[in-house]
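Below: the structure, in structure tokens.
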Amino acid sequence: GMCSDDCNGHGTCTTVGSALKCDCDDGWEGDACDMPACRSDCNSNGMCAMGKCVCNAGFVGVTCDLLRCPDDCSGSGYCFEGVCRCSTGFGGENCALVAPTGQKFSLKLRRGTSLKVPKSLQGEVEIATLRSGAVRAC
């Protein structure tokens, strides 16, 4: 007897018990060694289809070795080991929340008054030096 399609030239026909079976060369799989194998066997996180991994939900990458991020970070950040690192101005586990980057406020100062910064803003305030002088026309 012979193996299925004589292993397509990608394997060796061997006898296992009373059955003939193809022992496929590296890079080939299937009963007749007719399907290209996937690198790292898709890390058990996907299935191999014609030499390309089709990853299970939650995994990405050529070999399905990377954790997928929630909503792929909504296009507003990058994915690192399954966790979104959001771009400035975005937040939330999927970077879909618009996060304020700072607060703007205007102050009217009278001479001799001191500026008290609310505690919630301390550490985020830019200090500007105000000078009073005669206004000159340009």
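Ordering of the structure tokens sets the chain letters (A, B, ...); residue numbers start at 1 within each chain; ligands are numbered from 1 in the order shown.
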**OP:** Tell me which protein, DNA and RNA residues are within 6 Å of stretch 26-37 of chain A, counting only C-alpha atoms, leaving out same-chain ones fewer than 4 positions away, and put them as a ChimeraX atom specification.
**Re:** /A:4,7,10,50-51
Original post:
So which residues touch A:Cys38 within 7 Å, counting only C-alpha atoms, skipping near sequence neighbours fewer than 6 positions away, as a PyMOL selection string?
Top reply: chain A and resi 48+51-53
**OP:** Identify, with DSSP run on backbone atoms, the residues in stretch 11-50 of chain A assigned to strand (DSSP E), and express the list as a PyMOL selection string.
**Re:** chain A and resi 11-16+19-24+28-29+35-36+46-49
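Put simply, atom CA of A:Cys79 is 17.6 Å away from atom CA of A:Val98.
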Original post:
With distances taken over only C-alpha atoms, which of A:Asp71, A:Cys3, A:Phe59, A:Asn8 is nearest to A:Lys21?
Top reply: A:Cys3
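Nearest to A:Asn45 of all the residues A:Cys24, A:Tyr78, A:Arg68, A:Gly91 is A:Arg68, counting only C-alpha atoms.
Relative to atom CA of A:Ala49, atom CA of A:Asp23 is found at 19.4 Å.
Atom CA of A:Gly82 is found 24.3 Å from atom CA of A:Pro100.
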